[in-house]
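Source file work_16.cif; content: mmCIF, C-alpha atoms.
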data_run
#
loop_
_atom_site.label_atom_id
_atom_site.label_comp_id
_atom_site.auth_asym_id
_atom_site.auth_seq_id
_atom_site.Cartn_x
_atom_site.Cartn_y
_atom_site.Cartn_z
CA MET D 897 -6.63 5.65 16.05
CA ILE D 898 -3.85 7.78 14.56
CA ASN D 899 -2.52 11.25 15.34
CA PHE D 900 -1.56 13.82 12.73
CA GLU D 901 0.87 16.66 13.36
CA LEU D 902 0.70 19.31 10.66
CA ASN D 903 3.99 20.74 9.42
CA LYS D 904 4.86 24.17 10.78
CA ALA D 905 5.10 25.73 7.33
CA VAL D 906 1.32 25.72 6.93
CA SER D 907 -0.70 27.92 9.29
CA GLU D 908 -4.12 27.11 10.65
CA LYS D 909 -5.49 30.08 8.76
CA GLU D 910 -4.16 28.70 5.48
CA ILE D 911 -5.67 25.27 6.21
CA LEU D 912 -9.09 26.67 7.04
CA ALA D 913 -9.04 28.82 3.89
CA TYR D 914 -9.63 25.59 1.95
CA GLY D 915 -12.95 25.07 3.74
CA GLU D 916 -15.30 25.81 0.86
CA LYS D 917 -13.35 23.67 -1.62
CA VAL D 918 -13.08 20.77 0.80
CA SER D 919 -16.80 20.88 1.60
CA LYS D 920 -17.66 20.77 -2.10
CA ILE D 921 -15.26 17.90 -2.84
CA ASN D 922 -16.32 15.88 0.21
CA LYS D 923 -19.90 16.06 -1.03
CA MET D 924 -18.70 15.10 -4.51
CA ILE D 925 -16.93 12.02 -3.12
CA ASN D 926 -19.92 10.90 -1.07
CA GLU D 927 -22.47 11.52 -3.82
CA LYS D 928 -20.11 10.12 -6.47
CA THR D 929 -20.47 13.04 -8.88
CA GLY D 930 -16.84 13.93 -9.61
CA ALA D 931 -14.51 12.82 -12.39
CA GLY D 932 -14.00 9.06 -12.34
CA ASN D 933 -16.98 8.61 -10.02
CA ASP D 934 -17.59 5.10 -11.36
CA PHE D 935 -14.43 4.07 -9.43
CA LEU D 936 -15.51 5.33 -6.01
CA GLY D 937 -16.67 1.93 -4.77
CA TRP D 938 -13.89 1.90 -2.15
CA VAL D 939 -15.54 4.81 -0.28
CA ASP D 940 -18.28 2.63 1.24
CA TRP D 941 -16.54 -0.73 0.84
CA PRO D 942 -15.80 -1.14 4.58
CA VAL D 943 -19.56 -1.44 5.17
CA ASP D 944 -20.78 -2.63 1.76
CA TYR D 945 -18.39 -5.54 1.18
CA ASP D 946 -19.91 -8.93 0.43
CA LYS D 947 -20.09 -10.65 3.84
CA GLU D 948 -20.80 -14.09 2.35
CA GLU D 949 -17.86 -13.80 -0.02
CA LEU D 950 -15.60 -12.94 2.92
CA LYS D 951 -16.75 -16.08 4.76
CA ARG D 952 -15.91 -18.21 1.72
CA LEU D 953 -12.59 -16.43 1.32
CA LEU D 954 -11.62 -17.17 4.92
CA VAL D 955 -12.40 -20.86 4.43
CA ASP D 956 -10.26 -21.06 1.29
CA ALA D 957 -7.46 -19.05 2.89
CA LYS D 958 -7.38 -21.47 5.82
CA TYR D 959 -7.27 -24.38 3.38
CA VAL D 960 -4.19 -22.85 1.74
CA ARG D 961 -2.59 -22.14 5.10
CA ASP D 962 -3.16 -25.70 6.34
CA ASN D 963 -2.18 -27.58 3.19
CA PHE D 964 0.62 -25.71 1.40
CA GLU D 965 4.13 -24.48 2.09
CA VAL D 966 4.02 -21.52 -0.29
CA LEU D 967 1.38 -19.23 -1.75
CA VAL D 968 2.47 -17.64 -5.03
CA VAL D 969 0.68 -14.34 -5.65
CA CYS D 970 0.66 -13.24 -9.31
CA GLY D 971 -0.13 -9.56 -9.70
CA ILE D 972 1.32 -6.13 -10.39
CA GLY D 973 0.67 -2.60 -9.15
CA GLY D 974 -2.39 -2.48 -6.94
CA SER D 975 -2.80 -6.24 -7.35
CA TYR D 976 0.51 -6.74 -5.59
CA LEU D 977 1.67 -3.74 -3.54
CA GLY D 978 -1.18 -3.64 -1.02
CA ALA D 979 -0.84 -7.26 0.02
CA ARG D 980 2.93 -7.13 0.13
CA CYS D 981 3.07 -3.93 2.18
CA ALA D 982 0.51 -5.24 4.69
CA LEU D 983 2.27 -8.59 4.93
CA GLU D 984 5.66 -7.03 5.69
CA ALA D 985 4.24 -4.32 7.95
CA LEU D 986 2.42 -6.83 10.15
CA LYS D 987 4.66 -9.90 9.88
CA GLY D 988 8.06 -8.32 9.44
CA ILE D 989 10.69 -8.92 6.79
CA LYS D 990 12.16 -12.02 8.46
CA SER D 991 8.91 -13.77 9.26
CA ASN D 992 9.11 -17.47 10.13
CA ASP D 993 5.42 -18.05 9.43
CA LYS D 994 4.51 -21.58 8.38
CA LEU D 995 3.15 -20.31 5.03
CA GLU D 996 5.58 -18.45 2.81
CA VAL D 997 4.11 -15.87 0.44
CA ILE D 998 6.06 -15.20 -2.77
CA PHE D 999 5.16 -12.55 -5.33
CA MET D 1000 5.42 -12.97 -9.09
CA GLY D 1001 4.08 -10.98 -12.02
CA GLN D 1002 5.38 -7.62 -10.80
CA THR D 1003 8.39 -7.75 -13.12
CA PHE D 1004 9.62 -9.04 -16.48
CA SER D 1005 12.98 -9.93 -14.91
CA PRO D 1006 14.10 -13.32 -16.26
CA ASN D 1007 16.52 -13.76 -13.36
CA TYR D 1008 13.91 -13.23 -10.66
CA THR D 1009 11.27 -15.30 -12.44
CA LYS D 1010 13.57 -18.28 -13.08
CA GLN D 1011 14.86 -18.21 -9.50
CA VAL D 1012 11.31 -18.36 -8.15
CA LEU D 1013 10.34 -21.19 -10.50
CA ASP D 1014 13.44 -23.16 -9.50
CA TYR D 1015 12.68 -22.57 -5.83
CA LEU D 1016 9.12 -23.84 -6.27
CA GLU D 1017 10.28 -27.10 -7.83
CA ASN D 1018 10.57 -28.71 -4.41
CA LYS D 1019 7.74 -26.88 -2.67
CA LYS D 1020 4.06 -27.66 -2.23
CA PHE D 1021 2.50 -24.45 -3.48
CA ALA D 1022 -0.82 -22.81 -4.32
CA ILE D 1023 -1.42 -19.89 -6.66
CA ASN D 1024 -3.37 -16.67 -6.16
CA VAL D 1025 -3.68 -14.88 -9.51
CA ILE D 1026 -5.05 -11.32 -9.49
CA SER D 1027 -6.11 -9.46 -12.62
CA LYS D 1028 -9.33 -7.70 -13.55
CA SER D 1029 -8.85 -8.33 -17.27
CA GLY D 1030 -6.67 -11.40 -17.23
CA THR D 1031 -4.47 -9.86 -19.94
CA THR D 1032 -2.05 -7.77 -17.87
CA THR D 1033 1.21 -8.82 -19.51
CA GLU D 1034 3.51 -9.21 -16.50
CA THR D 1035 0.87 -11.06 -14.48
CA SER D 1036 -0.28 -13.24 -17.37
CA ILE D 1037 3.24 -14.39 -18.21
CA SER D 1038 4.04 -15.30 -14.62
CA PHE D 1039 0.71 -17.09 -14.16
CA ARG D 1040 1.21 -19.07 -17.35
CA LEU D 1041 4.65 -20.17 -16.15
CA VAL D 1042 3.76 -21.03 -12.58
CA LYS D 1043 0.50 -22.74 -13.60
CA ALA D 1044 2.42 -24.92 -16.03
CA LEU D 1045 4.84 -25.88 -13.24
CA LEU D 1046 2.00 -26.69 -10.86
CA GLU D 1047 0.16 -28.83 -13.43
CA GLU D 1048 3.41 -30.64 -14.24
CA LYS D 1049 3.98 -31.39 -10.55
CA VAL D 1050 0.49 -32.50 -9.45
CA GLY D 1051 -1.59 -32.91 -12.62
CA LYS D 1052 -4.27 -30.62 -14.03
CA SER D 1053 -7.14 -32.03 -11.98
CA GLN D 1054 -5.30 -31.45 -8.68
CA ALA D 1055 -3.90 -28.12 -9.77
CA LYS D 1056 -7.31 -26.53 -10.12
CA ASN D 1057 -7.87 -27.02 -6.39
CA ALA D 1058 -4.73 -25.02 -5.67
CA ILE D 1059 -5.52 -22.02 -7.88
CA PHE D 1060 -7.46 -19.07 -6.49
CA ALA D 1061 -8.31 -16.15 -8.77
CA VAL D 1062 -9.41 -12.57 -8.07
CA THR D 1063 -10.87 -11.06 -11.21
CA ASP D 1064 -13.88 -9.38 -12.79
CA LYS D 1065 -17.28 -10.71 -11.78
CA GLU D 1066 -18.53 -11.41 -15.29
CA LYS D 1067 -16.02 -10.81 -18.07
CA GLY D 1068 -12.39 -10.97 -19.12
CA ALA D 1069 -9.84 -13.58 -20.09
CA LEU D 1070 -9.14 -14.72 -16.52
CA LYS D 1071 -12.83 -15.02 -15.67
CA THR D 1072 -13.33 -17.12 -18.81
CA LEU D 1073 -10.44 -19.38 -17.80
CA CYS D 1074 -11.87 -19.75 -14.29
CA ASN D 1075 -15.21 -20.81 -15.73
CA ILE D 1076 -13.54 -23.38 -17.97
CA GLU D 1077 -11.16 -24.82 -15.38
CA GLY D 1078 -13.30 -24.46 -12.25
CA TYR D 1079 -10.88 -22.35 -10.22
CA HIS D 1080 -11.96 -20.83 -6.90
CA THR D 1081 -12.86 -17.26 -7.82
CA TYR D 1082 -13.29 -13.97 -5.97
CA VAL D 1083 -14.49 -10.65 -7.32
CA LEU D 1084 -12.38 -7.60 -7.92
CA PRO D 1085 -15.23 -5.05 -7.90
CA GLY D 1086 -15.69 -3.20 -11.16
CA ASN D 1087 -16.08 0.11 -9.33
CA ILE D 1088 -12.75 -0.13 -7.48
CA GLY D 1089 -9.44 0.44 -9.25
CA GLY D 1090 -6.35 -1.61 -8.48
CA ARG D 1091 -4.52 0.91 -6.30
CA TYR D 1092 -7.64 1.32 -4.14
CA SER D 1093 -8.30 -2.44 -3.88
CA VAL D 1094 -6.20 -3.59 -0.91
CA LEU D 1095 -9.30 -4.07 1.31
CA THR D 1096 -11.05 -6.21 -1.33
CA PRO D 1097 -10.19 -9.88 -2.03
CA VAL D 1098 -7.15 -8.54 -3.92
CA GLY D 1099 -5.42 -7.95 -0.60
CA LEU D 1100 -7.57 -9.94 1.78
CA PHE D 1101 -7.01 -13.41 0.30
CA PRO D 1102 -3.21 -13.56 0.52
CA LEU D 1103 -3.25 -11.74 3.87
CA ALA D 1104 -5.81 -14.13 5.36
CA ALA D 1105 -3.77 -17.08 4.07
CA ALA D 1106 -0.77 -15.57 5.86
CA GLY D 1107 -2.72 -15.61 9.13
CA ILE D 1108 -3.48 -11.89 9.31
CA ASP D 1109 -6.80 -10.83 10.85
CA VAL D 1110 -8.42 -9.29 7.77
CA GLU D 1111 -11.72 -8.77 9.58
CA ALA D 1112 -9.87 -6.47 11.97
CA MET D 1113 -8.45 -4.60 8.96
CA LEU D 1114 -11.97 -4.06 7.64
CA THR D 1115 -13.08 -2.91 11.09
CA GLY D 1116 -10.30 -0.33 11.12
CA ALA D 1117 -11.30 0.89 7.68
CA LYS D 1118 -14.93 1.08 8.81
CA GLU D 1119 -13.92 3.28 11.74
CA ALA D 1120 -11.89 5.49 9.42
CA ARG D 1121 -14.86 5.87 7.08
CA LYS D 1122 -17.05 6.95 9.99
CA GLU D 1123 -14.53 9.38 11.49
CA LEU D 1124 -13.23 10.93 8.28
CA ASP D 1125 -16.51 11.44 6.43
CA ASN D 1126 -16.95 15.12 7.24
CA ASP D 1127 -15.69 18.45 5.93
CA ASP D 1128 -14.55 19.96 9.24
CA LEU D 1129 -10.98 21.06 8.62
CA LYS D 1130 -10.50 21.81 12.30
CA THR D 1131 -10.80 18.13 13.22
CA ASN D 1132 -10.63 15.95 10.10
CA ILE D 1133 -6.98 14.88 10.05
CA CYS D 1134 -7.35 13.18 6.67
CA TYR D 1135 -8.42 16.37 4.91
CA ARG D 1136 -5.97 18.49 6.90
CA TYR D 1137 -3.24 16.26 5.49
CA ALA D 1138 -4.64 16.49 1.95
CA VAL D 1139 -4.88 20.27 2.15
CA SER D 1140 -1.32 20.57 3.47
CA ARG D 1141 -0.10 18.56 0.47
CA ASP D 1142 -1.90 20.89 -1.91
CA TYR D 1143 -0.53 23.94 -0.15
CA MET D 1144 3.02 22.60 -0.35
CA LEU D 1145 2.70 21.96 -4.08
CA ARG D 1146 1.37 25.45 -4.72
CA HIS D 1147 4.23 26.97 -2.70
CA GLY D 1148 7.23 25.47 -4.42
CA LYS D 1149 7.49 21.99 -2.93
CA ASN D 1150 7.28 19.45 -5.74
CA VAL D 1151 8.26 16.27 -3.87
CA GLU D 1152 6.60 14.51 -0.95
CA MET D 1153 9.10 12.26 0.81
CA PHE D 1154 7.45 9.44 2.76
CA VAL D 1155 9.62 8.60 5.76
CA THR D 1156 9.60 5.52 7.97
CA TYR D 1157 11.91 4.33 10.73
CA GLU D 1158 11.12 0.64 10.30
CA PRO D 1159 12.42 -1.34 7.28
CA GLN D 1160 9.29 -3.49 7.37
CA MET D 1161 7.29 -0.35 6.50
CA SER D 1162 9.23 0.33 3.29
CA GLN D 1163 6.65 -1.48 1.17
CA LEU D 1164 3.91 0.72 2.63
CA SER D 1165 5.89 3.61 1.16
CA GLU D 1166 5.89 1.78 -2.18
CA TRP D 1167 2.09 1.42 -1.96
CA LEU D 1168 1.80 5.13 -1.18
CA LYS D 1169 4.01 6.01 -4.13
CA GLN D 1170 1.69 4.14 -6.48
CA LEU D 1171 -1.47 5.49 -4.84
CA PHE D 1172 -0.45 9.15 -5.05
CA GLY D 1173 1.79 9.01 -8.10
CA GLU D 1174 -0.68 7.22 -10.36
CA SER D 1175 -3.66 9.15 -9.03
CA GLU D 1176 -2.19 12.67 -9.18
CA GLY D 1177 0.49 12.58 -11.86
CA LYS D 1178 -1.57 13.90 -14.79
CA GLU D 1179 -1.88 17.02 -16.90
CA LYS D 1180 1.64 18.02 -15.80
CA LYS D 1181 0.40 18.31 -12.22
CA GLY D 1182 0.94 16.53 -8.93
CA LEU D 1183 3.60 15.92 -6.31
CA LEU D 1184 6.36 13.43 -7.03
CA PRO D 1185 6.17 10.81 -4.25
CA GLY D 1186 9.49 9.53 -2.93
CA SER D 1187 10.47 7.45 0.08
CA VAL D 1188 13.29 6.86 2.54
CA THR D 1189 13.82 4.55 5.48
CA PHE D 1190 15.67 6.16 8.36
CA SER D 1191 18.12 5.90 9.93
CA THR D 1192 19.55 3.90 6.97
CA ASP D 1193 18.99 6.63 4.40
CA LEU D 1194 20.21 9.37 6.73
CA HIS D 1195 23.67 8.20 5.70
CA SER D 1196 22.91 8.86 2.02
CA LEU D 1197 19.85 10.89 1.05
CA GLY D 1198 19.85 12.52 4.47
CA GLN D 1199 22.50 14.92 3.22
CA PHE D 1200 20.35 16.06 0.31
CA ILE D 1201 17.23 16.40 2.46
CA GLN D 1202 19.11 18.52 4.99
CA ASP D 1203 21.16 20.75 2.67
CA GLY D 1204 20.14 20.09 -0.94
CA THR D 1205 17.77 21.82 -3.36
CA PRO D 1206 14.68 22.77 -1.28
CA VAL D 1207 12.11 20.93 -3.38
CA LEU D 1208 10.54 18.59 -0.84
CA PHE D 1209 8.57 18.15 2.34
CA GLU D 1210 8.35 15.04 4.50
CA THR D 1211 5.44 12.92 5.64
CA ILE D 1212 6.74 10.80 8.49
CA LEU D 1213 4.99 7.65 9.67
CA ASN D 1214 6.11 7.11 13.26
CA ILE D 1215 5.28 3.94 15.19
CA LYS D 1216 5.95 4.61 18.85
CA THR D 1217 5.84 1.05 20.20
CA PRO D 1218 7.34 -1.77 18.10
CA GLU D 1219 6.14 -5.33 18.43
CA LEU D 1220 9.67 -6.54 19.25
CA ASP D 1221 12.53 -4.87 21.06
CA VAL D 1222 16.08 -5.46 22.32
CA ALA D 1223 18.16 -3.82 25.05
CA ILE D 1224 21.73 -2.58 24.64
CA PRO D 1225 24.13 -4.61 26.81
CA HIS D 1226 27.08 -3.52 28.98
CA THR D 1227 30.71 -4.20 28.00
CA ASP D 1228 33.64 -3.76 30.40
CA ASP D 1229 36.01 -2.15 27.90
CA ASP D 1230 33.42 0.23 26.42
CA LEU D 1231 35.65 0.70 23.38
CA ASP D 1232 32.66 1.73 21.26
CA GLY D 1233 31.60 4.27 23.88
CA LEU D 1234 28.08 2.92 24.13
CA ASN D 1235 27.86 2.14 27.84
CA TYR D 1236 25.96 5.39 28.32
CA LEU D 1237 23.11 3.58 26.53
CA GLU D 1238 23.36 0.27 28.43
CA GLY D 1239 19.97 -1.05 29.40
CA LYS D 1240 18.21 1.27 26.98
CA LYS D 1241 15.86 -0.31 24.46
CA LEU D 1242 16.61 0.08 20.76
CA SER D 1243 13.09 1.50 20.37
CA TYR D 1244 14.19 4.41 22.58
CA VAL D 1245 17.23 5.06 20.37
CA ASN D 1246 15.01 4.90 17.26
CA GLN D 1247 12.60 7.45 18.74
CA MET D 1248 15.43 9.81 19.63
CA ALA D 1249 16.72 9.47 16.07
CA PHE D 1250 13.25 10.43 14.84
CA LEU D 1251 13.01 13.47 17.11
CA GLY D 1252 16.56 14.62 16.44
CA THR D 1253 16.22 14.25 12.68
CA LYS D 1254 12.89 16.05 12.59
CA LYS D 1255 14.38 18.95 14.56
CA ALA D 1256 17.39 19.14 12.24
CA HIS D 1257 15.32 19.01 9.06
CA GLU D 1258 12.73 21.53 10.22
CA GLU D 1259 14.86 24.07 12.08
CA GLU D 1260 18.15 24.03 10.18
CA GLY D 1261 17.19 22.47 6.87
CA GLY D 1262 13.91 24.35 6.44
CA VAL D 1263 12.14 21.13 5.44
CA PRO D 1264 8.42 21.02 6.39
CA CYS D 1265 7.53 17.77 8.20
CA ASN D 1266 4.08 16.21 8.59
CA VAL D 1267 3.92 13.44 11.20
CA ILE D 1268 1.41 10.61 11.20
CA GLU D 1269 1.86 8.83 14.51
CA ILE D 1270 0.42 5.60 15.84
CA ASP D 1271 1.13 3.95 19.17
CA LYS D 1272 1.36 0.38 17.85
CA LEU D 1273 0.72 -1.13 14.44
CA ASP D 1274 -1.81 -3.94 14.17
CA ALA D 1275 -4.26 -5.14 11.53
CA LYS D 1276 -7.03 -2.80 12.66
CA THR D 1277 -4.77 0.25 12.64
CA LEU D 1278 -3.38 -0.67 9.23
CA GLY D 1279 -6.91 -0.93 7.83
CA TYR D 1280 -7.57 2.55 9.20
CA LEU D 1281 -4.37 3.85 7.59
CA PHE D 1282 -5.26 2.37 4.20
CA TYR D 1283 -8.60 4.14 4.20
CA PHE D 1284 -7.07 7.36 5.54
CA PHE D 1285 -4.60 7.55 2.67
CA MET D 1286 -7.11 6.58 -0.03
CA ARG D 1287 -9.53 9.29 1.07
CA ALA D 1288 -6.71 11.83 1.36
CA CYS D 1289 -5.56 10.91 -2.14
CA ALA D 1290 -9.02 11.42 -3.62
CA MET D 1291 -9.31 14.82 -1.93
CA SER D 1292 -5.80 15.82 -3.07
CA ALA D 1293 -6.45 14.91 -6.70
CA TYR D 1294 -9.80 16.69 -6.79
CA LEU D 1295 -8.13 19.79 -5.33
CA LEU D 1296 -5.91 19.66 -8.42
CA GLU D 1297 -9.04 19.29 -10.58
CA ILE D 1298 -7.96 15.97 -12.05
CA ASN D 1299 -9.45 12.46 -12.16
CA PRO D 1300 -7.92 10.43 -9.31
CA PHE D 1301 -8.91 7.08 -10.79
CA ASN D 1302 -7.56 6.84 -14.34
CA GLN D 1303 -3.99 6.35 -15.55
CA PRO D 1304 -3.78 7.38 -19.22
CA GLY D 1305 0.00 7.74 -19.12
CA VAL D 1306 0.48 4.10 -18.18
CA GLU D 1307 -1.06 3.00 -21.46
CA VAL D 1308 1.62 4.74 -23.57
CA TYR D 1309 4.48 2.41 -22.66
CA LYS D 1310 2.24 -0.60 -23.20
CA LYS D 1311 1.42 0.43 -26.76
CA ASN D 1312 5.10 0.93 -27.58
CA MET D 1313 6.07 -2.35 -25.94
CA PHE D 1314 3.33 -4.32 -27.71
CA HIS D 1315 4.39 -2.82 -31.03
CA LEU D 1316 8.01 -3.84 -30.45
CA LEU D 1317 6.92 -7.33 -29.36
CA GLY D 1318 4.82 -7.73 -32.50
CA LYS D 1319 1.44 -8.06 -30.82
CA LYS D 1320 -1.42 -8.05 -33.33
CA GLY D 1321 -3.11 -4.66 -33.63
CA TYR D 1322 -0.11 -2.67 -32.37
#
Take the structure I supplied and represent it as structure tokens, if you would.
Amino acid sequence: MINFELNKAVSEKEILAYGEKVSKINKMINEKTGAGNDFLGWVDWPVDYDKEELKRLLVDAKYVRDNFEVLVVCGIGGSYLGARCALEALKGIKSNDKLEVIFMGQTFSPNYTKQVLDYLENKKFAINVISKSGTTTETSISFRLVKALLEEKVGKSQAKNAIFAVTDKEKGALKTLCNIEGYHTYVLPGNIGGRYSVLTPVGLFPLAAAGIDVEAMLTGAKEARKELDNDDLKTNICYRYAVSRDYMLRHGKNVEMFVTYEPQMSQLSEWLKQLFGESEGKEKKGLLPGSVTFSTDLHSLGQFIQDGTPVLFETILNIKTPELDVAIPHTDDDLDGLNYLEGKKLSYVNQMAFLGTKKAHEEEGGVPCNVIEIDKLDAKTLGYLFYFFMRACAMSAYLLEINPFNQPGVEVYKKNMFHLLGKKGY
């Protein structure tokens, strides 16, 4: 479903030299024996997901789509990025879909939060709150605010029919609230961490409400699971990618720059930055994930990438055939000198920019470039990509001999913040 072109800086011999390590780690992933193994539920999720829950989710998502103008999704990190990146990747940034999806709870910004609340004053909206514990500060504040607005607008009894929660199956503050209020509830599996949860109800509910074929996404992930569950480094593009990342890190490249040529893919880069950054950035190890959108950033960061400190390699996601396209028209005066392109599609220009930039970065800049290429992006392909990257991330982290599924560093800022805010116990 996708093609992977390995960067020229890593030889086939160097890739295959990882064979024994990869075989051991692949077995560790499948048998769930490595560090953090209690969070490997995503590995078999594309076949093990609760089919009855999905049916119920699709019914509720259709209800939201048919009866509301806006769906407000309250979540942060993995409870936000996956849905947003899929929504923009598949619907575009300027979607005119009949249901608008707005995200809250991913920031403490008073400006953003107040603007959203003011906007919702005159909208018929539903809420999708996502939190395993129900005590994530950013999410909990936004949910408290938007729930109060909803109850003020329609009354508490009506509001409960417009609130849909994704949380722990049995415990936590949000689950307790759902039991008390009677909210529609879906399970965030206890063995799947937030940044690996996009194919669970965390991502599927808002995406289904937005009219995206989430069953096709799961089908794509199922195909990825089948194709990528082997330790053959000659053919397994997922592990070839993971090994190339490890090789780059061990040979002086400390930054992986995710590159797209479509602005609507920029949030996928944000999802990738969380996935790899939070999974690998421990014990003073790991690649720093960055991102650029070309050709926009070729007029800024492009200079550094080409001629700056040689600390990075690129992983380029290239979509060959866009969903929409436009042709360049003729003008009689040709003052801009573009008539040589008349009749050419903008997709053609974009592809030439990709090829020309890759050549410049590799041959003159000495920047290694991986290329992940797909013919056309749809829900099924995106589901495949999600699984591809999650499996590659697990392999990459285990190659570094770290736990891919915890995030001890994240807790430090929370303790300091809670102390400054005066929270009891801090």
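Distances here use all atoms listed in the file; by that measure, the residue among D:Glu910, D:Glu916, D:Asp1142, D:Asp934 closest to D:Phe1209 is D:Asp1142.
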Residues matched by the PyMOL selection byres ((chain D and resi 1223) around 9), written as a list in words: Asp1221, Val1222, Ile1224, Pro1225, Glu1238, Gly1239, Lys1240, Lys1241, Leu1242 and Ser1243 of chain D
Using all atoms listed in the file and a cutoff of 12 Å, can you tell me which residues are near (5.9, -16.5, 9.8) in the file's coordinates, and write them out as a CSV table (one decimal) with C-alpha atoms, in the frame of the given file?
chain,number,residue,atom,x,y,z
D,961,ARG,CA,-2.6,-22.1,5.1
D,965,GLU,CA,4.1,-24.5,2.1
D,966,VAL,CA,4.0,-21.5,-0.3
D,983,LEU,CA,2.3,-8.6,4.9
D,984,GLU,CA,5.7,-7.0,5.7
D,986,LEU,CA,2.4,-6.8,10.2
D,987,LYS,CA,4.7,-9.9,9.9
D,988,GLY,CA,8.1,-8.3,9.4
D,989,ILE,CA,10.7,-8.9,6.8
D,990,LYS,CA,12.2,-12.0,8.5
D,991,SER,CA,8.9,-13.8,9.3
D,992,ASN,CA,9.1,-17.5,10.1
D,993,ASP,CA,5.4,-18.0,9.4
D,994,LYS,CA,4.5,-21.6,8.4
D,995,LEU,CA,3.2,-20.3,5.0
D,996,GLU,CA,5.6,-18.4,2.8
D,997,VAL,CA,4.1,-15.9,0.4
D,1103,LEU,CA,-3.2,-11.7,3.9
D,1105,ALA,CA,-3.8,-17.1,4.1
D,1106,ALA,CA,-0.8,-15.6,5.9
D,1107,GLY,CA,-2.7,-15.6,9.1
D,1108,ILE,CA,-3.5,-11.9,9.3
Shortest interatomic distance to D:Tyr1280 - which of D:Thr1189, D:Thr1035, D:Asn1126, D:Thr1115, counting only C-alpha atoms: D:Thr1115
Gap from atom CA of D:Ile911 to atom CA of D:Leu1296 - Å, one decimal: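 Taking atom CA of D:Ile911 as the start and atom CA of D:Leu1296 as the end point, the length is 15.7 Å.
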Hits from the PyMOL selection byres ((chain D and resi 1281) around 12), listed as an NGL selection string: :D and (897-900 or 978 or 982 or 985 or 1094-1095 or 1113-1121 or 1124 or 1133-1134 or 1164 or 1167-1168 or 1213 or 1268-1270 or 1273-1280 or 1282-1288)
Of the listed residues D:Asn903, D:Asn1024, D:Ser1029, D:Gln1163, that which approaches D:Glu1259 most closely, counting all atoms listed in the file: D:Asn903
Among listed residues D:Ser919, D:Asn963, D:Thr1217, D:Thr1096, nearest D:Pro942 (using all atoms listed in the file):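 Of D:Ser919, D:Asn963, D:Thr1217, D:Thr1096, the one nearest D:Pro942, counting all atoms listed in the file, is D:Thr1096.
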Counting all atoms listed in the file, the option among D:Val955, D:Leu967, D:Leu936, D:Cys981 closest to D:Ile1023: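 The shortest atom-to-atom distance to D:Ile1023 comes from D:Leu967.
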Distance of atom CA of D:Leu1046 from atom CA of D:Lys951, expressed in Å to one decimal place: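 Pair atom CA of D:Lys951 / atom CA of D:Leu1046 returns 26.6 Å.
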Expected answer as a PyMOL selection string: all residues with atoms within 9 Å of (-6.5, -18.7, -4.3), all atoms listed in the file: chain D and resi 953+956-957+960+967+969+1022-1025+1057-1062+1079-1082+1101-1102+1105
Expected selection from the PyMOL selection byres ((chain D and resi 1263) around 12), given as a PyMOL selection string: chain D and resi 903-906+1144+1148-1149+1151-1153+1198+1200-1211+1253-1262+1264-1266
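The space between atom CA of D:Ala1044 and atom CA of D:Gly1321 spans 27.4 Å.
You can rank D:Val918, D:Leu1220, D:Val939, D:Met924 by their closest distance to D:Ile1088 using all atoms listed in the file, and at the top of that list sits D:Val939.
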Need to verify the contact set: D:Leu1295, 12 Å, all atoms listed in the file, exclusion of same-chain residues closer than 2 positions in sequence. Can you return it as a JSON list (two decimals) with C-alpha atoms, keeping the file's coordinate frame?
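What ended up in around31.json:
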[["chain", "number", "residue", "atom", "x", "y", "z"],
["D", 914, "TYR", "CA", -9.63, 25.59, 1.95],
["D", 915, "GLY", "CA", -12.95, 25.07, 3.74],
["D", 916, "GLU", "CA", -15.30, 25.81, 0.86],
["D", 917, "LYS", "CA", -13.35, 23.67, -1.62],
["D", 918, "VAL", "CA", -13.08, 20.77, 0.80],
["D", 919, "SER", "CA", -16.80, 20.88, 1.60],
["D", 920, "LYS", "CA", -17.66, 20.77, -2.10],
["D", 921, "ILE", "CA", -15.26, 17.90, -2.84],
["D", 922, "ASN", "CA", -16.32, 15.88, 0.21],
["D", 924, "MET", "CA", -18.70, 15.10, -4.51],
["D", 925, "ILE", "CA", -16.93, 12.02, -3.12],
["D", 930, "GLY", "CA", -16.84, 13.93, -9.61],
["D", 931, "ALA", "CA", -14.51, 12.82, -12.39],
["D", 1135, "TYR", "CA", -8.42, 16.37, 4.91],
["D", 1138, "ALA", "CA", -4.64, 16.49, 1.95],
["D", 1139, "VAL", "CA", -4.88, 20.27, 2.15],
["D", 1140, "SER", "CA", -1.32, 20.57, 3.47],
["D", 1141, "ARG", "CA", -0.10, 18.56, 0.47],
["D", 1142, "ASP", "CA", -1.90, 20.89, -1.91],
["D", 1143, "TYR", "CA", -0.53, 23.94, -0.15],
["D", 1145, "LEU", "CA", 2.70, 21.96, -4.08],
["D", 1146, "ARG", "CA", 1.37, 25.45, -4.72],
["D", 1176, "GLU", "CA", -2.19, 12.67, -9.18],
["D", 1181, "LYS", "CA", 0.40, 18.31, -12.22],
["D", 1182, "GLY", "CA", 0.94, 16.53, -8.93],
["D", 1288, "ALA", "CA", -6.71, 11.83, 1.36],
["D", 1289, "CYS", "CA", -5.56, 10.91, -2.14],
["D", 1290, "ALA", "CA", -9.02, 11.42, -3.62],
["D", 1291, "MET", "CA", -9.31, 14.82, -1.93],
["D", 1292, "SER", "CA", -5.80, 15.82, -3.07],
["D", 1293, "ALA", "CA", -6.45, 14.91, -6.70],
["D", 1297, "GLU", "CA", -9.04, 19.29, -10.58],
["D", 1298, "ILE", "CA", -7.96, 15.97, -12.05],
["D", 1299, "ASN", "CA", -9.45, 12.46, -12.16],
["D", 1300, "PRO", "CA", -7.92, 10.43, -9.31]]
